>>> print(open('data-v4.pdb').read())   # PDB, C-alpha atoms
MODEL        1
ATOM      1  CA  MET S   1      -8.655  11.291   6.587  1.00  0.00           C
ATOM      2  CA  ILE S   2      -7.971   7.823   5.178  1.00  0.00           C
ATOM      3  CA  GLN S   3     -10.418   5.316   3.766  1.00  0.00           C
ATOM      4  CA  ILE S   4     -10.215   1.751   5.102  1.00  0.00           C
ATOM      5  CA  LYS S   5     -11.873  -1.109   3.200  1.00  0.00           C
ATOM      6  CA  PHE S   6     -12.649  -4.625   4.418  1.00  0.00           C
ATOM      7  CA  PHE S   7     -13.324  -7.649   2.253  1.00  0.00           C
ATOM      8  CA  ALA S   8     -14.791 -11.146   2.386  1.00  0.00           C
ATOM      9  CA  MET S   9     -14.987 -12.751   5.831  1.00  0.00           C
ATOM     10  CA  LEU S  10     -13.481  -9.657   7.522  1.00  0.00           C
ATOM     11  CA  ARG S  11     -16.209  -7.437   6.010  1.00  0.00           C
ATOM     12  CA  GLU S  12     -18.877  -9.846   7.306  1.00  0.00           C
ATOM     13  CA  ARG S  13     -17.419 -10.194  10.811  1.00  0.00           C
ATOM     14  CA  ILE S  14     -16.754  -6.471  11.249  1.00  0.00           C
ATOM     15  CA  GLY S  15     -20.096  -5.599   9.665  1.00  0.00           C
ATOM     16  CA  LEU S  16     -18.593  -2.808   7.562  1.00  0.00           C
ATOM     17  CA  ALA S  17     -17.254  -2.535   4.001  1.00  0.00           C
ATOM     18  CA  THR S  18     -15.720   0.945   4.246  1.00  0.00           C
ATOM     19  CA  LEU S  19     -14.627   3.149   7.130  1.00  0.00           C
ATOM     20  CA  ASN S  20     -13.594   6.799   6.862  1.00  0.00           C
ATOM     21  CA  PHE S  21     -10.916   7.164   9.491  1.00  0.00           C
ATOM     22  CA  GLU S  22      -9.665  10.429  10.996  1.00  0.00           C
ATOM     23  CA  TYR S  23      -5.940  10.361  10.472  1.00  0.00           C
ATOM     24  CA  ALA S  24      -2.961  12.562  10.939  1.00  0.00           C
ATOM     25  CA  GLY S  25       0.656  11.650  11.453  1.00  0.00           C
ATOM     26  CA  GLU S  26       2.874   8.848  10.326  1.00  0.00           C
ATOM     27  CA  LYS S  27       1.490   5.550  11.507  1.00  0.00           C
ATOM     28  CA  THR S  28       2.240   2.156  10.032  1.00  0.00           C
ATOM     29  CA  VAL S  29      -0.367  -0.299   8.772  1.00  0.00           C
ATOM     30  CA  ALA S  30       0.247  -2.452  11.886  1.00  0.00           C
ATOM     31  CA  GLU S  31      -0.414   0.527  14.187  1.00  0.00           C
ATOM     32  CA  ILE S  32      -3.664   1.366  12.408  1.00  0.00           C
ATOM     33  CA  LYS S  33      -4.748  -2.271  12.659  1.00  0.00           C
ATOM     34  CA  GLN S  34      -3.981  -2.235  16.399  1.00  0.00           C
ATOM     35  CA  GLN S  35      -6.024   0.953  16.807  1.00  0.00           C
ATOM     36  CA  LEU S  36      -8.983  -0.720  15.092  1.00  0.00           C
ATOM     37  CA  VAL S  37      -8.664  -3.853  17.258  1.00  0.00           C
ATOM     38  CA  SER S  38      -8.929  -1.679  20.384  1.00  0.00           C
ATOM     39  CA  LYS S  39     -12.296  -0.308  19.183  1.00  0.00           C
ATOM     40  CA  GLY S  40     -14.211  -3.328  20.496  1.00  0.00           C
ATOM     41  CA  ALA S  41     -15.361  -6.925  20.158  1.00  0.00           C
ATOM     42  CA  GLN S  42     -16.343  -6.910  16.467  1.00  0.00           C
ATOM     43  CA  TRP S  43     -12.824  -5.783  15.520  1.00  0.00           C
ATOM     44  CA  GLN S  44     -11.007  -8.693  17.226  1.00  0.00           C
ATOM     45  CA  VAL S  45     -11.149 -10.695  14.001  1.00  0.00           C
ATOM     46  CA  LEU S  46      -8.323  -8.481  12.702  1.00  0.00           C
ATOM     47  CA  ALA S  47      -6.043  -9.884  15.416  1.00  0.00           C
ATOM     48  CA  GLU S  48      -7.336 -13.464  15.460  1.00  0.00           C
ATOM     49  CA  GLN S  49      -6.406 -14.623  11.985  1.00  0.00           C
ATOM     50  CA  GLU S  50      -4.002 -13.995   9.131  1.00  0.00           C
ATOM     51  CA  VAL S  51      -4.835 -10.630   7.589  1.00  0.00           C
ATOM     52  CA  LEU S  52      -3.302  -9.153   4.428  1.00  0.00           C
ATOM     53  CA  CYS S  53      -3.107  -5.448   3.788  1.00  0.00           C
ATOM     54  CA  ALA S  54      -2.970  -3.192   0.751  1.00  0.00           C
ATOM     55  CA  VAL S  55      -2.101   0.501   0.642  1.00  0.00           C
ATOM     56  CA  ASN S  56      -3.442   2.310  -2.421  1.00  0.00           C
ATOM     57  CA  GLN S  57      -4.375  -1.053  -3.964  1.00  0.00           C
ATOM     58  CA  THR S  58      -0.902  -2.612  -3.675  1.00  0.00           C
ATOM     59  CA  LEU S  59      -0.118  -5.456  -1.250  1.00  0.00           C
ATOM     60  CA  CYS S  60       2.213  -4.295   1.500  1.00  0.00           C
ATOM     61  CA  GLY S  61       3.796  -5.381   4.757  1.00  0.00           C
ATOM     62  CA  PRO S  62       2.787  -4.351   8.296  1.00  0.00           C
ATOM     63  CA  GLU S  63       5.571  -1.759   8.572  1.00  0.00           C
ATOM     64  CA  SER S  64       4.415   0.250   5.525  1.00  0.00           C
ATOM     65  CA  LYS S  65       3.736   3.916   6.289  1.00  0.00           C
ATOM     66  CA  VAL S  66       0.283   5.350   5.759  1.00  0.00           C
ATOM     67  CA  ASN S  67      -0.181   8.915   4.529  1.00  0.00           C
ATOM     68  CA  ASP S  68      -3.210  11.171   4.775  1.00  0.00           C
ATOM     69  CA  GLY S  69      -5.527  10.502   1.814  1.00  0.00           C
ATOM     70  CA  ASP S  70      -4.402   6.870   1.342  1.00  0.00           C
ATOM     71  CA  GLU S  71      -6.771   3.993   0.672  1.00  0.00           C
ATOM     72  CA  ILE S  72      -6.057   1.050   2.978  1.00  0.00           C
ATOM     73  CA  ALA S  73      -7.612  -2.401   2.754  1.00  0.00           C
ATOM     74  CA  PHE S  74      -7.587  -5.385   5.107  1.00  0.00           C
ATOM     75  CA  PHE S  75      -8.565  -8.822   3.845  1.00  0.00           C
ATOM     76  CA  PRO S  76      -8.034 -12.559   4.351  1.00  0.00           C
ATOM     77  CA  PRO S  77      -5.505 -14.483   2.197  1.00  0.00           C
ATOM     78  CA  VAL S  78      -6.848 -14.558  -1.356  1.00  0.00           C
ATOM     79  CA  THR S  79      -8.597 -17.606  -2.842  1.00  0.00           C
ATOM     80  CA  GLY S  80      -9.275 -16.818  -6.504  1.00  0.00           C
ATOM     81  CA  GLY S  81      -8.519 -18.863  -9.602  1.00  0.00           C
TER      82      GLY S  81
ATOM     83  CA  MET K   1      -5.450  -7.827 -21.727  1.00  0.00           C
ATOM     84  CA  ILE K   2      -7.489  -8.310 -18.573  1.00  0.00           C
ATOM     85  CA  SER K   3     -11.201  -8.951 -18.144  1.00  0.00           C
ATOM     86  CA  ILE K   4     -13.104  -9.221 -14.856  1.00  0.00           C
ATOM     87  CA  GLN K   5     -16.620 -10.311 -15.712  1.00  0.00           C
ATOM     88  CA  LYS K   6     -19.794 -11.941 -14.416  1.00  0.00           C
ATOM     89  CA  GLN K   7     -20.661 -13.737 -17.643  1.00  0.00           C
ATOM     90  CA  ASP K   8     -19.100 -16.949 -18.918  1.00  0.00           C
ATOM     91  CA  PHE K   9     -16.513 -16.902 -21.710  1.00  0.00           C
ATOM     92  CA  ASP K  10     -16.069 -18.961 -24.854  1.00  0.00           C
ATOM     93  CA  HIS K  11     -12.756 -20.793 -24.856  1.00  0.00           C
ATOM     94  CA  CYS K  12     -12.772 -21.274 -28.652  1.00  0.00           C
ATOM     95  CA  SER K  13     -13.248 -17.584 -29.432  1.00  0.00           C
ATOM     96  CA  GLU K  14     -10.540 -16.661 -26.907  1.00  0.00           C
ATOM     97  CA  TYR K  15      -8.184 -19.132 -28.591  1.00  0.00           C
ATOM     98  CA  ASN K  16      -9.109 -17.810 -32.047  1.00  0.00           C
ATOM     99  CA  GLN K  17      -8.403 -14.231 -30.966  1.00  0.00           C
ATOM    100  CA  LEU K  18      -4.990 -15.249 -29.659  1.00  0.00           C
ATOM    101  CA  ARG K  19      -4.329 -17.084 -32.908  1.00  0.00           C
ATOM    102  CA  ASP K  20      -5.501 -14.173 -35.110  1.00  0.00           C
ATOM    103  CA  ASN K  21      -3.019 -11.878 -33.371  1.00  0.00           C
ATOM    104  CA  ALA K  22      -0.194 -14.358 -32.917  1.00  0.00           C
ATOM    105  CA  ASP K  23       1.824 -12.937 -35.869  1.00  0.00           C
ATOM    106  CA  SER K  24       5.134 -14.781 -35.905  1.00  0.00           C
ATOM    107  CA  ASP K  25       4.469 -16.684 -32.664  1.00  0.00           C
ATOM    108  CA  GLY K  26       4.996 -20.437 -32.741  1.00  0.00           C
ATOM    109  CA  ALA K  27       2.982 -21.481 -29.679  1.00  0.00           C
ATOM    110  CA  ILE K  28      -0.257 -20.803 -27.831  1.00  0.00           C
ATOM    111  CA  VAL K  29      -0.826 -22.203 -24.328  1.00  0.00           C
ATOM    112  CA  THR K  30      -4.157 -21.773 -22.546  1.00  0.00           C
ATOM    113  CA  PHE K  31      -5.345 -22.701 -19.065  1.00  0.00           C
ATOM    114  CA  THR K  32      -9.013 -22.879 -18.081  1.00  0.00           C
ATOM    115  CA  GLY K  33     -10.016 -23.278 -14.447  1.00  0.00           C
ATOM    116  CA  LEU K  34     -13.359 -24.959 -13.649  1.00  0.00           C
ATOM    117  CA  VAL K  35     -15.484 -24.904 -10.506  1.00  0.00           C
ATOM    118  CA  ARG K  36     -15.103 -28.282  -8.782  1.00  0.00           C
ATOM    119  CA  ASP K  37     -18.322 -29.878  -7.514  1.00  0.00           C
ATOM    120  CA  PHE K  38     -16.638 -31.115  -4.336  1.00  0.00           C
ATOM    121  CA  ASN K  39     -14.237 -30.027  -1.626  1.00  0.00           C
ATOM    122  CA  GLN K  40     -12.702 -31.804   1.375  1.00  0.00           C
ATOM    123  CA  ASP K  41     -15.991 -31.483   3.323  1.00  0.00           C
ATOM    124  CA  GLY K  42     -18.373 -32.744   0.648  1.00  0.00           C
ATOM    125  CA  SER K  43     -20.335 -31.531  -2.308  1.00  0.00           C
ATOM    126  CA  VAL K  44     -20.323 -27.984  -3.703  1.00  0.00           C
ATOM    127  CA  SER K  45     -23.225 -26.756  -5.846  1.00  0.00           C
ATOM    128  CA  ILE K  46     -22.201 -23.144  -6.423  1.00  0.00           C
ATOM    129  CA  ILE K  47     -19.447 -20.668  -5.586  1.00  0.00           C
ATOM    130  CA  ASP K  48     -19.621 -16.903  -5.157  1.00  0.00           C
ATOM    131  CA  ILE K  49     -16.588 -14.723  -5.855  1.00  0.00           C
ATOM    132  CA  GLU K  50     -15.968 -11.331  -4.269  1.00  0.00           C
ATOM    133  CA  HIS K  51     -13.121  -9.087  -5.436  1.00  0.00           C
ATOM    134  CA  TYR K  52     -11.540  -5.692  -4.781  1.00  0.00           C
ATOM    135  CA  PRO K  53     -12.481  -3.499  -7.784  1.00  0.00           C
ATOM    136  CA  GLY K  54      -9.511  -1.435  -8.889  1.00  0.00           C
ATOM    137  CA  MET K  55      -6.894  -3.465  -7.070  1.00  0.00           C
ATOM    138  CA  THR K  56      -7.917  -6.618  -8.965  1.00  0.00           C
ATOM    139  CA  GLU K  57      -7.187  -5.040 -12.354  1.00  0.00           C
ATOM    140  CA  LYS K  58      -3.994  -3.419 -11.054  1.00  0.00           C
ATOM    141  CA  SER K  59      -2.738  -6.684  -9.616  1.00  0.00           C
ATOM    142  CA  LEU K  60      -3.477  -8.718 -12.785  1.00  0.00           C
ATOM    143  CA  MET K  61      -1.762  -6.084 -14.950  1.00  0.00           C
ATOM    144  CA  SER K  62       1.279  -6.283 -12.707  1.00  0.00           C
ATOM    145  CA  ILE K  63       1.309 -10.118 -12.885  1.00  0.00           C
ATOM    146  CA  CYS K  64       1.161  -9.989 -16.707  1.00  0.00           C
ATOM    147  CA  SER K  65       3.932  -7.422 -16.926  1.00  0.00           C
ATOM    148  CA  GLU K  66       6.105  -9.543 -14.584  1.00  0.00           C
ATOM    149  CA  ALA K  67       5.520 -12.495 -16.966  1.00  0.00           C
ATOM    150  CA  ARG K  68       6.548 -10.308 -19.918  1.00  0.00           C
ATOM    151  CA  ASN K  69       9.743  -9.369 -18.068  1.00  0.00           C
ATOM    152  CA  ARG K  70      10.630 -13.026 -17.603  1.00  0.00           C
ATOM    153  CA  TRP K  71       9.726 -14.508 -20.998  1.00  0.00           C
ATOM    154  CA  GLN K  72       9.428 -13.346 -24.582  1.00  0.00           C
ATOM    155  CA  LEU K  73       5.655 -13.263 -25.119  1.00  0.00           C
ATOM    156  CA  GLY K  74       3.232 -12.210 -27.827  1.00  0.00           C
ATOM    157  CA  GLN K  75      -0.390 -12.041 -26.648  1.00  0.00           C
ATOM    158  CA  VAL K  76      -1.470 -12.372 -23.008  1.00  0.00           C
ATOM    159  CA  LYS K  77      -5.124 -12.677 -21.999  1.00  0.00           C
ATOM    160  CA  VAL K  78      -6.547 -13.193 -18.505  1.00  0.00           C
ATOM    161  CA  ILE K  79     -10.271 -13.551 -17.748  1.00  0.00           C
ATOM    162  CA  HIS K  80     -11.591 -14.023 -14.200  1.00  0.00           C
ATOM    163  CA  ARG K  81     -15.276 -14.347 -13.408  1.00  0.00           C
ATOM    164  CA  ILE K  82     -16.919 -12.828 -10.332  1.00  0.00           C
ATOM    165  CA  GLY K  83     -20.268 -13.303  -8.574  1.00  0.00           C
ATOM    166  CA  PRO K  84     -22.189 -16.575  -8.372  1.00  0.00           C
ATOM    167  CA  ILE K  85     -20.907 -19.435 -10.586  1.00  0.00           C
ATOM    168  CA  ALA K  86     -22.412 -22.926 -10.654  1.00  0.00           C
ATOM    169  CA  ALA K  87     -20.291 -26.055 -10.108  1.00  0.00           C
ATOM    170  CA  THR K  88     -18.591 -27.396 -13.264  1.00  0.00           C
ATOM    171  CA  GLU K  89     -18.685 -23.951 -14.947  1.00  0.00           C
ATOM    172  CA  GLN K  90     -15.570 -22.083 -16.138  1.00  0.00           C
ATOM    173  CA  ILE K  91     -14.088 -19.604 -13.670  1.00  0.00           C
ATOM    174  CA  VAL K  92     -10.729 -18.424 -15.020  1.00  0.00           C
ATOM    175  CA  PHE K  93      -8.848 -18.306 -18.337  1.00  0.00           C
ATOM    176  CA  VAL K  94      -5.186 -17.615 -19.045  1.00  0.00           C
ATOM    177  CA  GLY K  95      -3.984 -17.568 -22.658  1.00  0.00           C
ATOM    178  CA  VAL K  96      -0.450 -16.828 -23.809  1.00  0.00           C
ATOM    179  CA  SER K  97       1.217 -16.819 -27.210  1.00  0.00           C
ATOM    180  CA  ALA K  98       4.985 -16.824 -27.698  1.00  0.00           C
ATOM    181  CA  LYS K  99       7.626 -17.540 -30.305  1.00  0.00           C
ATOM    182  CA  HIS K 100       8.675 -20.676 -28.407  1.00  0.00           C
ATOM    183  CA  ARG K 101       6.563 -23.190 -26.506  1.00  0.00           C
ATOM    184  CA  LYS K 102       8.621 -23.167 -23.285  1.00  0.00           C
ATOM    185  CA  ASP K 103       8.039 -19.440 -22.845  1.00  0.00           C
ATOM    186  CA  ALA K 104       4.294 -19.922 -23.426  1.00  0.00           C
ATOM    187  CA  PHE K 105       4.064 -22.900 -21.007  1.00  0.00           C
ATOM    188  CA  ASN K 106       6.084 -21.162 -18.303  1.00  0.00           C
ATOM    189  CA  ALA K 107       4.275 -17.822 -18.576  1.00  0.00           C
ATOM    190  CA  CYS K 108       0.832 -19.446 -18.492  1.00  0.00           C
ATOM    191  CA  GLU K 109       1.663 -21.457 -15.365  1.00  0.00           C
ATOM    192  CA  PHE K 110       3.374 -18.496 -13.691  1.00  0.00           C
ATOM    193  CA  ILE K 111       0.350 -16.237 -14.296  1.00  0.00           C
ATOM    194  CA  ILE K 112      -2.167 -18.675 -12.792  1.00  0.00           C
ATOM    195  CA  ASP K 113       0.137 -19.490  -9.831  1.00  0.00           C
ATOM    196  CA  TYR K 114       0.706 -15.808  -9.140  1.00  0.00           C
ATOM    197  CA  LEU K 115      -2.989 -14.947  -9.586  1.00  0.00           C
ATOM    198  CA  LYS K 116      -4.009 -17.592  -7.039  1.00  0.00           C
ATOM    199  CA  THR K 117      -1.774 -16.143  -4.326  1.00  0.00           C
ATOM    200  CA  SER K 118      -1.880 -12.385  -4.928  1.00  0.00           C
ATOM    201  CA  ALA K 119      -4.923 -11.217  -6.913  1.00  0.00           C
ATOM    202  CA  PRO K 120      -7.660 -10.021  -4.520  1.00  0.00           C
ATOM    203  CA  PHE K 121     -10.440 -12.561  -5.112  1.00  0.00           C
ATOM    204  CA  TRP K 122     -12.252 -14.461  -2.338  1.00  0.00           C
ATOM    205  CA  LYS K 123     -14.362 -17.535  -2.883  1.00  0.00           C
ATOM    206  CA  GLN K 124     -17.368 -18.826  -0.960  1.00  0.00           C
ATOM    207  CA  GLU K 125     -18.616 -22.353  -1.572  1.00  0.00           C
ATOM    208  CA  GLY K 126     -22.269 -23.351  -1.385  1.00  0.00           C
ATOM    209  CA  THR K 127     -22.381 -26.660   0.506  1.00  0.00           C
ATOM    210  CA  PRO K 128     -25.335 -28.622   1.944  1.00  0.00           C
ATOM    211  CA  THR K 129     -24.742 -26.733   5.238  1.00  0.00           C
ATOM    212  CA  GLY K 130     -24.641 -23.248   3.707  1.00  0.00           C
ATOM    213  CA  MET K 131     -22.144 -20.799   2.177  1.00  0.00           C
ATOM    214  CA  LYS K 132     -18.584 -21.121   3.516  1.00  0.00           C
ATOM    215  CA  TRP K 133     -15.485 -18.988   2.832  1.00  0.00           C
ATOM    216  CA  VAL K 134     -12.724 -21.010   1.239  1.00  0.00           C
ATOM    217  CA  LYS K 135      -9.440 -21.084   3.168  1.00  0.00           C
ATOM    218  CA  SER K 136      -6.204 -20.336   1.334  1.00  0.00           C
ATOM    219  CA  ASN K 137      -4.188 -23.346   0.291  1.00  0.00           C
ATOM    220  CA  THR K 138      -0.555 -23.895   1.284  1.00  0.00           C
ATOM    221  CA  SER K 139       0.093 -25.842  -1.931  1.00  0.00           C
ATOM    222  CA  ASP K 140      -0.843 -22.689  -3.885  1.00  0.00           C
ATOM    223  CA  THR K 141       1.683 -20.697  -1.868  1.00  0.00           C
ATOM    224  CA  GLU K 142       4.334 -23.368  -2.491  1.00  0.00           C
ATOM    225  CA  ALA K 143       3.542 -23.293  -6.235  1.00  0.00           C
ATOM    226  CA  MET K 144       4.099 -19.536  -6.192  1.00  0.00           C
ATOM    227  CA  THR K 145       7.249 -19.628  -4.089  1.00  0.00           C
ATOM    228  CA  ARG K 146       9.103 -21.866  -6.542  1.00  0.00           C
ATOM    229  CA  TRP K 147       9.007 -19.079  -9.173  1.00  0.00           C
ATOM    230  CA  PHE K 148      10.923 -16.846  -6.785  1.00  0.00           C
ATOM    231  CA  GLY K 149      13.386 -19.495  -5.558  1.00  0.00           C
TER     232      GLY K 149
ENDMDL
END
>>> encode(input="data-v4.pdb", output="structure tokens")
Amino acid sequence: MIQIKFFAMLRERIGLATLNFEYAGEKTVAEIKQQLVSKGAQWQVLAEQEVLCAVNQTLCGPESKVNDGDEIAFFPPVTGG
Amino acid sequence: MISIQKQDFDHCSEYNQLRDNADSDGAIVTFTGLVRDFNQDGSVSIIDIEHYPGMTEKSLMSICSEARNRWQLGQVKVIHRIGPIAATEQIVFVGVSAKHRKDAFNACEFIIDYLKTSAPFWKQEGTPTGMKWVKSNTSDTEAMTRWFG
């Protein structure tokens, strides 16, 4: 099981802040994102715009491996400061 | 030291704290970011800031330690507000003390540039037509890139 979090506009468009996701194996962040996109219309936003990803609260690239128990997050480019 | 907070901060007391602990430092540089009351589409009355609890603190700590690796610094303080903030109010504070002014200037600018492109905060602006998510700015990315050139 992994926990996937969504923030800002992605959280609003998907309609979900946190998703507990059945997971086994050695997928990459990009593969998990693709799996979410195939779930239906509300998930298309993940493919339509620039999306950043963090694994265990550290920014990472699309090829990063995800392990069971990890916390993943998808979010738009940041706009603080 | 990092603080993520809803309430406003007092620039003078932040400066005084830096000064009280500056020991043999010869310079203090501070940056305060304010909420603009306009954007490219018109007027802005309020903003609302969302963040990623846990990752925000981790990311700011990592930015500060990267600054300490690059320059010889004394005190480092970063405050970032979250939640609703009215136009013209303070939103972010970066304060740095150092033995020499160039280190303090550089570190302060580096920290705010890095924060703007990698710390997980997202801003919505309240405009006459409703709340709108702010899009990321390419000039912020360019400002960040030059530190890694």
>>> closest_atom_pairs(input="data-v4.pdb", of="chain K", to="chain S", cutoff="8 Å", atoms="only C-alpha atoms", output="Markdown table")
| residue | atom | partner | partner_atom | distance |
| --- | --- | --- | --- | --- |
| K:Gly33 | CA | S:Gly81 | CA | 6.7 |
| K:Ile49 | CA | S:Gly80 | CA | 7.6 |
| K:Glu50 | CA | S:Ala8 | CA | 6.8 |
| K:His51 | CA | S:Phe7 | CA | 7.8 |
| K:Tyr52 | CA | S:Phe7 | CA | 7.5 |
| K:Gly54 | CA | S:Gln57 | CA | 7.1 |
| K:Met55 | CA | S:Gln57 | CA | 4.7 |
| K:Lys58 | CA | S:Gln57 | CA | 7.5 |
| K:Ser59 | CA | S:Thr58 | CA | 7.4 |
| K:His80 | CA | S:Gly81 | CA | 7.3 |
| K:Ile91 | CA | S:Gly81 | CA | 6.9 |
| K:Val92 | CA | S:Gly81 | CA | 5.9 |
| K:Ile112 | CA | S:Gly81 | CA | 7.1 |
| K:Leu115 | CA | S:Gly81 | CA | 6.8 |
| K:Lys116 | CA | S:Gly81 | CA | 5.3 |
| K:Thr117 | CA | S:Val78 | CA | 6.1 |
| K:Ser118 | CA | S:Val78 | CA | 6.5 |
| K:Ala119 | CA | S:Val78 | CA | 6.8 |
| K:Pro120 | CA | S:Val78 | CA | 5.6 |
| K:Phe121 | CA | S:Gly80 | CA | 4.6 |
| K:Trp122 | CA | S:Thr79 | CA | 4.8 |
| K:Lys123 | CA | S:Thr79 | CA | 5.8 |
| K:Trp133 | CA | S:Met9 | CA | 6.9 |
| K:Val134 | CA | S:Thr79 | CA | 6.7 |
| K:Lys135 | CA | S:Thr79 | CA | 7.0 |
| K:Ser136 | CA | S:Thr79 | CA | 5.5 |
| K:Asn137 | CA | S:Thr79 | CA | 7.9 |
>>> write_last_selection(input="data-v4.pdb", atoms="C-alpha atoms", output="mmCIF file, in the coordinates of the input")
data_model
loop_
_atom_site.group_PDB
_atom_site.id
_atom_site.type_symbol
_atom_site.label_atom_id
_atom_site.label_comp_id
_atom_site.auth_asym_id
_atom_site.auth_seq_id
_atom_site.Cartn_x
_atom_site.Cartn_y
_atom_site.Cartn_z
ATOM 1 C CA GLY K 33 -10.016 -23.278 -14.447
ATOM 2 C CA ILE K 49 -16.588 -14.723 -5.855
ATOM 3 C CA GLU K 50 -15.968 -11.331 -4.269
ATOM 4 C CA HIS K 51 -13.121 -9.087 -5.436
ATOM 5 C CA TYR K 52 -11.540 -5.692 -4.781
ATOM 6 C CA GLY K 54 -9.511 -1.435 -8.889
ATOM 7 C CA MET K 55 -6.894 -3.465 -7.070
ATOM 8 C CA LYS K 58 -3.994 -3.419 -11.054
ATOM 9 C CA SER K 59 -2.738 -6.684 -9.616
ATOM 10 C CA HIS K 80 -11.591 -14.023 -14.200
ATOM 11 C CA ILE K 91 -14.088 -19.604 -13.670
ATOM 12 C CA VAL K 92 -10.729 -18.424 -15.020
ATOM 13 C CA ILE K 112 -2.167 -18.675 -12.792
ATOM 14 C CA LEU K 115 -2.989 -14.947 -9.586
ATOM 15 C CA LYS K 116 -4.009 -17.592 -7.039
ATOM 16 C CA THR K 117 -1.774 -16.143 -4.326
ATOM 17 C CA SER K 118 -1.880 -12.385 -4.928
ATOM 18 C CA ALA K 119 -4.923 -11.217 -6.913
ATOM 19 C CA PRO K 120 -7.660 -10.021 -4.520
ATOM 20 C CA PHE K 121 -10.440 -12.561 -5.112
ATOM 21 C CA TRP K 122 -12.252 -14.461 -2.338
ATOM 22 C CA LYS K 123 -14.362 -17.535 -2.883
ATOM 23 C CA TRP K 133 -15.485 -18.988 2.832
ATOM 24 C CA VAL K 134 -12.724 -21.010 1.239
ATOM 25 C CA LYS K 135 -9.440 -21.084 3.168
ATOM 26 C CA SER K 136 -6.204 -20.336 1.334
ATOM 27 C CA ASN K 137 -4.188 -23.346 0.291
#
>>> resolve_selection(input="data-v4.pdb", expression="the PyMOL selection byres ((chain K and resi 14-28) around 6)", output="VMD selection string")
chain K and resid 11 to 13 29 96 to 101
>>> resolve_selection(input="data-v4.pdb", expression="the PyMOL selection byres ((chain S and resi 3) around 9)", output="PyMOL selection string")
chain S and resi 1-2+4-5+18-22+69-73
>>> atom_distance(input="data-v4.pdb", atom1="CA of Gln42 in chain S", atom2="CA of Gly130 in chain K")
22.3 Å
>>> closest_residue(input="data-v4.pdb", among="K:Phe31, K:Phe148, K:Phe105, K:Phe38", to="Trp71 in chain K", atoms="all atoms listed in the file")
K:Phe105
